[in-house]
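Trainee: My structure file final-v9.cif, mmCIF, C-alpha atoms and all ligand atoms, is below:
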```cif
data_my_file
loop_
_atom_site.group_PDB
_atom_site.id
_atom_site.type_symbol
_atom_site.label_atom_id
_atom_site.label_comp_id
_atom_site.auth_asym_id
_atom_site.auth_seq_id
_atom_site.Cartn_x
_atom_site.Cartn_y
_atom_site.Cartn_z
ATOM 1 C CA MET A 1 -2.061 -2.212 -25.211
ATOM 2 C CA ASP A 2 -2.802 -3.729 -21.825
ATOM 3 C CA LEU A 3 -3.571 -1.652 -18.781
ATOM 4 C CA ILE A 4 -0.770 -1.480 -16.214
ATOM 5 C CA VAL A 5 -1.956 -1.813 -12.597
ATOM 6 C CA GLU A 6 0.299 -0.529 -9.820
ATOM 7 C CA GLN A 7 -0.727 -1.506 -6.283
ATOM 8 C CA PHE A 8 0.984 -0.149 -3.169
ATOM 9 C CA MET A 9 0.268 0.517 0.484
ATOM 10 C CA ALA A 10 -1.167 3.781 1.824
ATOM 11 C CA ARG A 11 -2.104 4.737 5.376
ATOM 12 C CA SER A 12 -1.614 1.595 7.521
ATOM 13 C CA ASP A 13 -3.380 -1.201 5.668
ATOM 14 C CA ASN A 14 -5.114 0.435 2.684
ATOM 15 C CA PHE A 15 -4.106 -0.464 -0.837
ATOM 16 C CA ALA A 16 -3.708 2.390 -3.279
ATOM 17 C CA VAL A 17 -4.185 1.351 -6.901
ATOM 18 C CA LEU A 18 -3.176 3.192 -10.055
ATOM 19 C CA VAL A 19 -4.348 1.976 -13.469
ATOM 20 C CA HIS A 20 -2.323 3.286 -16.408
ATOM 21 C CA ASP A 21 -3.172 3.053 -20.099
ATOM 22 C CA PRO A 22 0.072 3.374 -22.086
ATOM 23 C CA ALA A 23 -1.782 3.997 -25.371
ATOM 24 C CA SER A 24 -3.554 7.158 -24.228
ATOM 25 C CA GLY A 25 -1.315 8.132 -21.302
ATOM 26 C CA GLU A 26 -4.350 8.229 -19.010
ATOM 27 C CA THR A 27 -4.001 7.101 -15.405
ATOM 28 C CA ALA A 28 -6.828 6.413 -12.942
ATOM 29 C CA ALA A 29 -6.592 6.001 -9.195
ATOM 30 C CA VAL A 30 -9.096 3.638 -7.617
ATOM 31 C CA ASP A 31 -9.992 5.559 -4.462
ATOM 32 C CA ALA A 32 -7.703 8.104 -2.856
ATOM 33 C CA PRO A 33 -6.695 6.871 0.595
ATOM 34 C CA ASP A 34 -3.817 9.340 0.887
ATOM 35 C CA ALA A 35 -2.427 11.826 -1.650
ATOM 36 C CA ALA A 36 1.272 11.645 -0.709
ATOM 37 C CA PRO A 37 2.070 8.001 -1.583
ATOM 38 C CA ILE A 38 -0.054 8.265 -4.745
ATOM 39 C CA ARG A 39 1.809 11.399 -5.891
ATOM 40 C CA LYS A 40 5.129 9.703 -5.159
ATOM 41 C CA VAL A 41 4.332 6.690 -7.366
ATOM 42 C CA LEU A 42 2.939 8.932 -10.122
ATOM 43 C CA ASP A 43 6.226 10.891 -10.035
ATOM 44 C CA GLU A 44 8.338 7.732 -10.115
ATOM 45 C CA LYS A 45 6.399 6.356 -13.086
ATOM 46 C CA GLY A 46 6.138 9.657 -14.903
ATOM 47 C CA TRP A 47 2.352 9.285 -15.034
ATOM 48 C CA ARG A 48 -0.195 12.098 -14.803
ATOM 49 C CA LEU A 49 -3.386 11.377 -12.893
ATOM 50 C CA THR A 50 -6.411 11.892 -15.153
ATOM 51 C CA SER A 51 -9.208 10.369 -13.054
ATOM 52 C CA ILE A 52 -10.185 9.001 -9.659
ATOM 53 C CA LEU A 53 -12.746 6.183 -9.433
ATOM 54 C CA VAL A 54 -14.310 6.323 -5.967
ATOM 55 C CA THR A 55 -15.953 3.220 -4.498
ATOM 56 C CA HIS A 56 -17.504 4.567 -1.283
ATOM 57 C CA HIS A 57 -17.501 7.460 1.152
ATOM 58 C CA HIS A 58 -15.317 6.160 3.999
ATOM 59 C CA SER A 59 -12.526 8.572 4.885
ATOM 60 C CA ASP A 60 -9.781 6.023 4.232
ATOM 61 C CA HIS A 61 -10.927 5.959 0.574
ATOM 62 C CA VAL A 62 -11.579 9.648 -0.106
ATOM 63 C CA GLU A 63 -9.191 11.717 2.007
ATOM 64 C CA GLY A 64 -6.683 12.224 -0.818
ATOM 65 C CA ILE A 65 -9.219 13.478 -3.375
ATOM 66 C CA ALA A 66 -8.914 17.221 -2.724
ATOM 67 C CA GLU A 67 -5.115 17.340 -2.923
ATOM 68 C CA LEU A 68 -4.966 15.093 -6.018
ATOM 69 C CA LYS A 69 -7.630 17.127 -7.793
ATOM 70 C CA GLU A 70 -5.775 20.326 -6.985
ATOM 71 C CA ALA A 71 -2.463 18.870 -8.209
ATOM 72 C CA TYR A 72 -3.652 17.165 -11.413
ATOM 73 C CA GLY A 73 -7.089 18.541 -12.278
ATOM 74 C CA CYS A 74 -8.304 14.937 -12.545
ATOM 75 C CA VAL A 75 -11.961 14.003 -13.035
ATOM 76 C CA VAL A 76 -13.532 12.354 -9.979
ATOM 77 C CA THR A 77 -16.251 9.723 -10.500
ATOM 78 C CA GLY A 78 -18.154 8.079 -7.660
ATOM 79 C CA PRO A 79 -21.431 6.506 -6.545
ATOM 80 C CA GLN A 80 -24.576 8.575 -7.047
ATOM 81 C CA PHE A 81 -26.032 7.243 -3.805
ATOM 82 C CA GLU A 82 -23.152 8.676 -1.773
ATOM 83 C CA ALA A 83 -22.669 11.888 -3.736
ATOM 84 C CA ALA A 84 -23.516 14.065 -0.727
ATOM 85 C CA LYS A 85 -20.833 12.362 1.365
ATOM 86 C CA ILE A 86 -17.936 12.442 -1.113
ATOM 87 C CA PRO A 87 -16.204 15.795 -1.626
ATOM 88 C CA GLY A 88 -15.047 16.799 -5.110
ATOM 89 C CA LEU A 89 -17.160 14.483 -7.260
ATOM 90 C CA ASP A 90 -17.446 15.596 -10.904
ATOM 91 C CA ARG A 91 -19.557 12.696 -12.131
ATOM 92 C CA THR A 92 -21.915 10.297 -10.368
ATOM 93 C CA VAL A 93 -22.622 6.778 -11.601
ATOM 94 C CA VAL A 94 -25.077 3.929 -11.028
ATOM 95 C CA GLU A 95 -25.277 0.238 -11.974
ATOM 96 C CA GLY A 96 -24.168 -0.402 -15.546
ATOM 97 C CA ASP A 97 -22.656 3.026 -16.194
ATOM 98 C CA GLU A 98 -19.389 3.107 -18.102
ATOM 99 C CA VAL A 99 -16.080 4.519 -16.999
ATOM 100 C CA ARG A 100 -13.159 4.736 -19.393
ATOM 101 C CA ILE A 101 -9.386 4.726 -19.054
ATOM 102 C CA GLY A 102 -8.274 5.572 -22.570
ATOM 103 C CA ALA A 103 -10.113 3.074 -24.779
ATOM 104 C CA HIS A 104 -10.528 0.576 -21.926
ATOM 105 C CA VAL A 105 -14.120 0.320 -20.760
ATOM 106 C CA GLY A 106 -15.171 -0.423 -17.202
ATOM 107 C CA ARG A 107 -18.688 -0.991 -15.932
ATOM 108 C CA VAL A 108 -20.117 0.021 -12.579
ATOM 109 C CA ILE A 109 -21.451 -2.815 -10.414
ATOM 110 C CA GLU A 110 -23.470 -1.649 -7.420
ATOM 111 C CA THR A 111 -22.257 -3.633 -4.400
ATOM 112 C CA PRO A 112 -24.057 -2.192 -1.357
ATOM 113 C CA GLY A 113 -23.722 -3.605 2.134
ATOM 114 C CA HIS A 114 -20.453 -2.271 3.595
ATOM 115 C CA THR A 115 -21.970 1.120 2.796
ATOM 116 C CA LEU A 116 -25.341 1.679 1.113
ATOM 117 C CA GLY A 117 -23.838 3.161 -2.052
ATOM 118 C CA HIS A 118 -20.649 1.120 -2.427
ATOM 119 C CA ILE A 119 -19.768 0.440 -6.069
ATOM 120 C CA SER A 120 -17.178 -1.748 -7.784
ATOM 121 C CA PHE A 121 -15.555 -1.228 -11.188
ATOM 122 C CA HIS A 122 -15.315 -4.159 -13.618
ATOM 123 C CA PHE A 123 -13.158 -3.929 -16.750
ATOM 124 C CA ALA A 124 -14.477 -7.036 -18.515
ATOM 125 C CA GLU A 125 -12.182 -7.051 -21.552
ATOM 126 C CA ASP A 126 -9.149 -6.515 -19.331
ATOM 127 C CA GLY A 127 -10.330 -9.089 -16.779
ATOM 128 C CA LEU A 128 -9.958 -6.648 -13.876
ATOM 129 C CA LEU A 129 -12.198 -5.976 -10.871
ATOM 130 C CA PHE A 130 -11.731 -3.187 -8.341
ATOM 131 C CA CYS A 131 -14.076 -3.914 -5.434
ATOM 132 C CA ALA A 132 -12.540 -2.013 -2.460
ATOM 133 C CA ASP A 133 -14.299 -3.020 0.776
ATOM 134 C CA THR A 134 -16.890 -5.441 -0.653
ATOM 135 C CA LEU A 135 -14.769 -8.544 -1.340
ATOM 136 C CA PHE A 136 -11.370 -9.126 0.255
ATOM 137 C CA ALA A 137 -8.933 -11.997 -0.200
ATOM 138 C CA LEU A 138 -10.515 -14.730 1.963
ATOM 139 C CA GLY A 139 -12.874 -12.162 3.450
ATOM 140 C CA CYS A 140 -15.409 -9.442 2.831
ATOM 141 C CA GLY A 141 -16.101 -5.978 4.193
ATOM 142 C CA ARG A 142 -17.967 -5.438 7.417
ATOM 143 C CA VAL A 143 -21.673 -4.846 6.883
ATOM 144 C CA PHE A 144 -21.854 -1.337 8.377
ATOM 145 C CA GLU A 145 -24.807 0.292 6.592
ATOM 146 C CA GLY A 146 -26.624 -2.432 4.712
ATOM 147 C CA THR A 147 -28.157 -5.774 5.656
ATOM 148 C CA MET A 148 -26.721 -9.275 5.476
ATOM 149 C CA PRO A 149 -28.970 -10.257 2.502
ATOM 150 C CA MET A 150 -27.944 -7.031 0.706
ATOM 151 C CA MET A 151 -24.244 -7.796 1.187
ATOM 152 C CA TRP A 152 -24.777 -11.382 0.053
ATOM 153 C CA ASP A 153 -26.498 -10.168 -3.133
ATOM 154 C CA SER A 154 -23.498 -7.917 -3.801
ATOM 155 C CA LEU A 155 -20.986 -10.708 -3.267
ATOM 156 C CA ALA A 156 -23.069 -13.044 -5.456
ATOM 157 C CA LYS A 157 -22.764 -10.514 -8.301
ATOM 158 C CA LEU A 158 -18.977 -10.567 -7.980
ATOM 159 C CA LYS A 159 -18.961 -14.367 -7.652
ATOM 160 C CA ALA A 160 -20.702 -14.557 -11.042
ATOM 161 C CA LEU A 161 -17.784 -12.862 -12.838
ATOM 162 C CA PRO A 162 -15.339 -15.055 -14.811
ATOM 163 C CA ASP A 163 -12.957 -17.139 -12.658
ATOM 164 C CA ASP A 164 -9.854 -15.575 -14.204
ATOM 165 C CA THR A 165 -10.926 -12.035 -13.244
ATOM 166 C CA VAL A 166 -8.046 -10.392 -11.352
ATOM 167 C CA VAL A 167 -9.358 -8.779 -8.162
ATOM 168 C CA TYR A 168 -7.942 -5.702 -6.425
ATOM 169 C CA CYS A 169 -9.305 -4.908 -2.960
ATOM 170 C CA GLY A 170 -9.155 -2.017 -0.513
ATOM 171 C CA HIS A 171 -7.179 -3.546 2.325
ATOM 172 C CA GLU A 172 -4.442 -6.012 3.247
ATOM 173 C CA TYR A 173 -6.523 -7.994 5.747
ATOM 174 C CA THR A 174 -5.690 -11.408 4.303
ATOM 175 C CA GLN A 175 -3.756 -12.903 7.227
ATOM 176 C CA ALA A 176 -6.565 -12.235 9.714
ATOM 177 C CA ASN A 177 -9.103 -13.434 7.136
ATOM 178 C CA ALA A 178 -7.167 -16.685 6.629
ATOM 179 C CA ASP A 179 -6.988 -17.296 10.379
ATOM 180 C CA PHE A 180 -10.783 -17.034 10.469
ATOM 181 C CA ALA A 181 -11.531 -18.883 7.197
ATOM 182 C CA VAL A 182 -9.863 -22.105 8.379
ATOM 183 C CA THR A 183 -12.219 -22.194 11.391
ATOM 184 C CA ILE A 184 -15.244 -22.189 9.042
ATOM 185 C CA GLU A 185 -13.937 -24.760 6.571
ATOM 186 C CA PRO A 186 -11.143 -26.733 8.307
ATOM 187 C CA ASP A 187 -11.167 -29.566 5.749
ATOM 188 C CA ASN A 188 -10.696 -27.429 2.612
ATOM 189 C CA ALA A 189 -7.195 -28.485 1.507
ATOM 190 C CA GLU A 190 -6.790 -25.637 -0.990
ATOM 191 C CA LEU A 191 -7.708 -23.139 1.731
ATOM 192 C CA GLY A 192 -5.142 -24.696 4.079
ATOM 193 C CA ALA A 193 -2.424 -24.444 1.438
ATOM 194 C CA ARG A 194 -3.405 -20.876 0.673
ATOM 195 C CA ALA A 195 -3.288 -19.944 4.359
ATOM 196 C CA ASP A 196 0.279 -21.293 4.529
ATOM 197 C CA GLU A 197 1.265 -19.292 1.445
ATOM 198 C CA ILE A 198 -0.292 -16.136 2.921
ATOM 199 C CA ALA A 199 1.680 -16.570 6.146
ATOM 200 C CA ARG A 200 4.877 -16.888 4.065
ATOM 201 C CA LEU A 201 4.079 -13.777 2.007
ATOM 202 C CA ARG A 202 3.243 -11.666 5.056
ATOM 203 C CA ALA A 203 6.345 -12.835 6.945
ATOM 204 C CA ALA A 204 8.342 -11.597 3.946
ATOM 205 C CA GLY A 205 6.469 -8.264 4.000
ATOM 206 C CA ARG A 206 4.874 -8.974 0.632
ATOM 207 C CA PRO A 207 1.266 -8.222 -0.432
ATOM 208 C CA THR A 208 -1.256 -11.062 -0.773
ATOM 209 C CA LEU A 209 -3.259 -9.204 -3.440
ATOM 210 C CA PRO A 210 -4.388 -9.221 -6.180
ATOM 211 C CA THR A 211 -6.423 -12.388 -6.062
ATOM 212 C CA THR A 212 -8.837 -13.935 -8.588
ATOM 213 C CA ILE A 213 -12.546 -14.687 -8.540
ATOM 214 C CA GLY A 214 -11.735 -18.370 -9.077
ATOM 215 C CA ALA A 215 -9.421 -18.566 -6.046
ATOM 216 C CA GLU A 216 -11.995 -16.781 -3.882
ATOM 217 C CA LYS A 217 -14.798 -19.095 -5.060
ATOM 218 C CA ARG A 218 -12.716 -22.105 -4.002
ATOM 219 C CA THR A 219 -11.396 -20.792 -0.654
ATOM 220 C CA ASN A 220 -13.246 -17.688 0.627
ATOM 221 C CA PRO A 221 -15.980 -18.806 3.080
ATOM 222 C CA PHE A 222 -17.990 -15.631 2.389
ATOM 223 C CA LEU A 223 -18.463 -16.766 -1.240
ATOM 224 C CA ARG A 224 -19.281 -20.354 -0.190
ATOM 225 C CA PRO A 225 -22.523 -20.284 1.836
ATOM 226 C CA ASP A 226 -23.862 -22.931 -0.578
ATOM 227 C CA ASN A 227 -21.074 -25.364 0.363
ATOM 228 C CA ALA A 228 -22.350 -28.532 2.041
ATOM 229 C CA ALA A 229 -19.385 -28.933 4.421
ATOM 230 C CA ILE A 230 -19.690 -25.332 5.631
ATOM 231 C CA ARG A 231 -23.436 -25.715 6.127
ATOM 232 C CA ARG A 232 -22.938 -28.925 8.104
ATOM 233 C CA HIS A 233 -20.196 -27.276 10.181
ATOM 234 C CA LEU A 234 -22.594 -24.414 11.036
ATOM 235 C CA GLY A 235 -25.620 -26.676 11.533
ATOM 236 C CA MET A 236 -27.453 -24.722 8.803
ATOM 237 C CA GLU A 237 -28.111 -27.392 6.167
ATOM 238 C CA THR A 238 -31.500 -26.009 5.116
ATOM 239 C CA ALA A 239 -30.941 -22.249 5.572
ATOM 240 C CA SER A 240 -30.812 -19.759 2.686
ATOM 241 C CA ASP A 241 -27.435 -18.721 1.269
ATOM 242 C CA ALA A 242 -28.039 -15.222 2.659
ATOM 243 C CA ASP A 243 -28.621 -16.599 6.169
ATOM 244 C CA VAL A 244 -25.522 -18.800 6.024
ATOM 245 C CA PHE A 245 -23.520 -15.823 4.776
ATOM 246 C CA GLY A 246 -24.933 -13.701 7.611
ATOM 247 C CA GLU A 247 -23.915 -16.275 10.203
ATOM 248 C CA ILE A 248 -20.358 -16.430 8.821
ATOM 249 C CA ARG A 249 -20.145 -12.625 8.797
ATOM 250 C CA ARG A 250 -21.392 -12.387 12.416
ATOM 251 C CA ARG A 251 -18.849 -14.994 13.533
ATOM 252 C CA LYS A 252 -16.067 -13.005 11.857
ATOM 253 C CA ASP A 253 -17.237 -9.804 13.577
ATOM 254 C CA SER A 254 -16.603 -11.381 16.969
ATOM 255 C CA PHE A 255 -13.601 -13.538 15.983
HETATM 256 ZN ZN ZN B 301 -14.743 1.184 3.916
HETATM 257 FE FE FE B 302 -11.699 0.869 3.833
#
```
Please render this file's structure as structure tokens.
Ligand code: ZN
Ligand code: FE
Mentor:
Amino acid sequence: MDLIVEQFMARSDNFAVLVHDPASGETAAVDAPDAAPIRKVLDEKGWRLTSILVTHHHSDHVEGIAELKEAYGCVVTGPQFEAAKIPGLDRTVVEGDEVRIGAHVGRVIETPGHTLGHISFHFAEDGLLFCADTLFALGCGRVFEGTMPMMWDSLAKLKALPDDTVVYCGHEYTQANADFAVTIEPDNAELGARADEIARLRAAGRPTLPTTIGAEKRTNPFLRPDNAAIRRHLGMETASDADVFGEIRRRKDSF
């Protein structure tokens, strides 16, 4: 049976995500931005939380862990390289390690840059990626702890996943990302159409996520540093992909 993914808002602009396996009854939360809205949805669905998959140490991703662990006795898995910064971890993981929700197998992809230990969870057979603050719809996370080349390497790993991979991210930042993306690639017709659709969704109070790897490859400037039109626009025709990415990221930081 397929996994059921329930996405909803927590805090101001964080997404909370629950992944439920009907066959086993197991339910995982990807990060724990806030216990209250997560408990409410678990109650409504009649699901019991069995695990939390933590992507990185920022408070808006871990603050709900203690209360959820207390309430459900769930197992908390997170990045080995941030173990000292994440309270309540039961298991630490590195690149390639497996996590399971019932019989569904996910693999850890290390995606440092936003933080040095940031990880993403890829469920290949289910076609699902949970990448928190590494890749956003039409954007990417700020490079707080790592370097621009490090973040580019992380995004390139995600870009290499199958186009039909369904992508869940940590935040609803898509409108601001779209406003910026069209300044980097003004002649991308698919991006223009997507920006219009995003404005419609947000005006209606609806989420713009999940997205797909394919849609991001075609419209997200942070996955397109190899694109000739973008390079020409930036005057960086002969630069490395990492340098073009870095320039786009710096422009977004001051946009
Ligand atoms: Zn973060
Ligand atoms: Fe965040």
Trainee: Could you pull the residues within 8 Å of Asp179 of chain A, counting all atoms listed in the file, minus those fewer than 4 positions along the same chain, as a PyMOL selection string?
Mentor: chain A and resi 175+183+195
Trainee: List every residue of chain A that has an atom at most 12 Å from any atom of ligand FE 302 (chain B), giving for each one its closest atom pair and the distance in Å to one decimal, counting all atoms listed in the file, sorted by chain and then by ascending residue number, as a Markdown table.
Mentor:
```
| residue | atom | partner | partner_atom | distance |
| --- | --- | --- | --- | --- |
| A:Ala10 | CA | B:FE302 | FE | 11.1 |
| A:Arg11 | CA | B:FE302 | FE | 10.5 |
| A:Ser12 | CA | B:FE302 | FE | 10.8 |
| A:Asp13 | CA | B:FE302 | FE | 8.8 |
| A:Asn14 | CA | B:FE302 | FE | 6.7 |
| A:Phe15 | CA | B:FE302 | FE | 9.0 |
| A:Ala16 | CA | B:FE302 | FE | 10.8 |
| A:Asp31 | CA | B:FE302 | FE | 9.7 |
| A:Ala32 | CA | B:FE302 | FE | 10.6 |
| A:Pro33 | CA | B:FE302 | FE | 8.5 |
| A:Asp34 | CA | B:FE302 | FE | 11.9 |
| A:Val54 | CA | B:FE302 | FE | 11.5 |
| A:Thr55 | CA | B:FE302 | FE | 9.6 |
| A:His56 | CA | B:FE302 | FE | 8.6 |
| A:His57 | CA | B:FE302 | FE | 9.2 |
| A:His58 | CA | B:FE302 | FE | 6.4 |
| A:Ser59 | CA | B:FE302 | FE | 7.8 |
| A:Asp60 | CA | B:FE302 | FE | 5.5 |
| A:His61 | CA | B:FE302 | FE | 6.1 |
| A:Val62 | CA | B:FE302 | FE | 9.6 |
| A:Glu63 | CA | B:FE302 | FE | 11.3 |
| A:His114 | CA | B:FE302 | FE | 9.3 |
| A:Thr115 | CA | B:FE302 | FE | 10.3 |
| A:His118 | CA | B:FE302 | FE | 10.9 |
| A:Cys131 | CA | B:FE302 | FE | 10.7 |
| A:Ala132 | CA | B:FE302 | FE | 7.0 |
| A:Asp133 | CA | B:FE302 | FE | 5.6 |
| A:Thr134 | CA | B:FE302 | FE | 9.3 |
| A:Leu135 | CA | B:FE302 | FE | 11.2 |
| A:Phe136 | CA | B:FE302 | FE | 10.6 |
| A:Cys140 | CA | B:FE302 | FE | 11.0 |
| A:Gly141 | CA | B:FE302 | FE | 8.1 |
| A:Arg142 | CA | B:FE302 | FE | 9.6 |
| A:Val143 | CA | B:FE302 | FE | 11.9 |
| A:Phe144 | CA | B:FE302 | FE | 11.3 |
| A:Cys169 | CA | B:FE302 | FE | 9.2 |
| A:Gly170 | CA | B:FE302 | FE | 5.8 |
| A:His171 | CA | B:FE302 | FE | 6.5 |
| A:Glu172 | CA | B:FE302 | FE | 10.0 |
| A:Tyr173 | CA | B:FE302 | FE | 10.4 |
```
Trainee: Do you have, as a tab-separated table, the list of residues of segment 44-132 of chain A lying at most 7 Å from segment 24-30 of chain A, each with its nearest atom pair and that distance in Å to one decimal, counting all atoms listed in the file and ordered by chain then number?
Mentor:
```
residue	atom	partner	partner_atom	distance
A:Trp47	CA	A:Thr27	CA	6.7
A:Arg48	CA	A:Thr27	CA	6.3
A:Leu49	CA	A:Thr27	CA	5.0
A:Thr50	CA	A:Thr27	CA	5.4
A:Ser51	CA	A:Ala28	CA	4.6
A:Ile52	CA	A:Ala29	CA	4.7
A:Leu53	CA	A:Val30	CA	4.8
A:Val54	CA	A:Val30	CA	6.1
A:Ile101	CA	A:Glu26	CA	6.1
A:Gly102	CA	A:Ser24	CA	5.2
```
Trainee: Which is closest to Gly214 of chain A among A:Pro37, A:Gly64, A:Pro162, A:Pro112, if we use only C-alpha atoms?
Mentor: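 Going through A:Pro37, A:Gly64, A:Pro162, A:Pro112 one by one, the smallest distance to Gly214 of chain A is for A:Pro162.
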Trainee: Which is closer to ligand ZN 301 (chain B) than all the others in A:Gly113, A:Pro186, A:Gly96, A:Gly88, using all atoms listed in the file?
Mentor: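 Between A:Gly113, A:Pro186, A:Gly96, A:Gly88, the residue approaching ligand ZN 301 (chain B) most closely is A:Gly113.
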Trainee: Under the rule that all atoms listed in the file are counted, which of A:Leu209, A:Glu145, A:Thr165, A:Phe222 is the nearest residue to ligand ZN 301 (chain B)?
Mentor: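 Of A:Leu209, A:Glu145, A:Thr165, A:Phe222, the one nearest ligand ZN 301 (chain B), counting all atoms listed in the file, is A:Glu145.
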Trainee: Would you pick out the contacts of Ala156 of chain A at 12 Å or less, using only C-alpha atoms, so that residues sharing its chain but fewer than 6 positions from it are not included, and give the list as a CSV table (one decimal) with C-alpha atoms, keeping the file's coordinate frame?
Mentor:
```
chain,number,residue,atom,x,y,z
A,109,ILE,CA,-21.5,-2.8,-10.4
A,110,GLU,CA,-23.5,-1.6,-7.4
A,111,THR,CA,-22.3,-3.6,-4.4
A,112,PRO,CA,-24.1,-2.2,-1.4
A,134,THR,CA,-16.9,-5.4,-0.7
A,135,LEU,CA,-14.8,-8.5,-1.3
A,140,CYS,CA,-15.4,-9.4,2.8
A,149,PRO,CA,-29.0,-10.3,2.5
A,150,MET,CA,-27.9,-7.0,0.7
A,213,ILE,CA,-12.5,-14.7,-8.5
A,216,GLU,CA,-12.0,-16.8,-3.9
A,217,LYS,CA,-14.8,-19.1,-5.1
A,222,PHE,CA,-18.0,-15.6,2.4
A,223,LEU,CA,-18.5,-16.8,-1.2
A,224,ARG,CA,-19.3,-20.4,-0.2
A,225,PRO,CA,-22.5,-20.3,1.8
A,226,ASP,CA,-23.9,-22.9,-0.6
A,241,ASP,CA,-27.4,-18.7,1.3
A,242,ALA,CA,-28.0,-15.2,2.7
A,245,PHE,CA,-23.5,-15.8,4.8
```
Trainee: Find the spatial neighbours of Ala229 of chain A, counting only C-alpha atoms, within a cut-off of 12 Å - ignore same-chain residues fewer than 3 positions away - and output them as a list in words.
Mentor: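 My reading of the contact set: Ile184, Glu185, Pro186, Asp187, Asn188, Pro221, Arg224, Pro225, Asp226, Arg232, His233, Leu234, Gly235, Met236, Glu237 and Val244 of chain A.
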Trainee: Do you have the atom CA of Ala103 of chain A-atom CA of Met9 of chain A distance handy?
Mentor: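 Straight-line distance from atom CA of Ala103 of chain A to atom CA of Met9 of chain A works out to 27.4 Å.
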Trainee: Taking (-6.7, -13.2, -1.8) as a centre in this file's frame and 6 Å as the limit, can you find every polymer residue with an atom that close, using all atoms listed in the file, and give them as a PyMOL selection string?
Mentor: chain A and resi 137-138+208-209+211
Trainee: Under the rule that all atoms listed in the file are counted, which of A:Val166, A:Leu68, A:Met148, A:Val17 is the nearest residue to Ala124 of chain A?
Mentor: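 Going through A:Val166, A:Leu68, A:Met148, A:Val17 one by one, the smallest distance to Ala124 of chain A is for A:Val166.
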Trainee: Could you work out how far atom CA of Asn227 of chain A lies from atom CA of Thr174 of chain A, giving the answer in Å with one decimal?
Mentor: 21.1 Å
Trainee: Counting only C-alpha atoms, which residue out of A:Leu161, A:Leu201, A:Val75, A:Ile248 sits closest to Phe121 of chain A?
Mentor: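 Using only C-alpha atoms, the shortest distance to Phe121 of chain A belongs to A:Leu161.
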Trainee: Of the candidates A:Ala199, A:Gly117, A:Val105, A:Leu155, which one gets nearest to ligand ZN 301 (chain B) if we count only C-alpha atoms and all ligand atoms?
Mentor: A:Gly117
Trainee: Work out how far apart atom CA of Trp152 of chain A and atom CA of Leu129 of chain A are and give it in Å to one decimal.
Mentor: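 Those two atoms sit 17.5 Å apart.
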Trainee: Which residues would end up in the selection if the PyMOL selection byres (((chain A and resi 5) around 9) and not hetatm) were applied here, given that I need the answer as a list in words?
Mentor: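 This file, filtered by the PyMOL selection byres (((chain A and resi 5) around 9) and not hetatm), leaves Leu3, Ile4, Glu6, Gln7, Val17, Leu18, Val19 and His20 of chain A.
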Trainee: Enclose segment 179-193 of chain A, meaning all of its atoms listed in the file, in a box aligned along x, y and z, pad it by 8 Å on each side, and list the centre and edge lengths in Å to one decimal, as AutoDock Vina command-line options.
Mentor:
```
--center_x -8.8 --center_y -23.3 --center_z 5.2 --size_x 28.8 --size_y 28.5 --size_z 28.4
```
Trainee: Spell out the residues picked by the PyMOL selection byres (((chain A and resi 91) around 12) and not hetatm) here, as a PyMOL selection string.
Mentor: chain A and resi 51-54+74-83+86-90+92-94+97-99
Trainee: Report as an NGL selection string the full result of the PyMOL selection byres (((chain A and resi 255) around 12) and not hetatm) when it is applied to this structure.
Mentor: :A and (176-181 or 183-184 or 248-254)
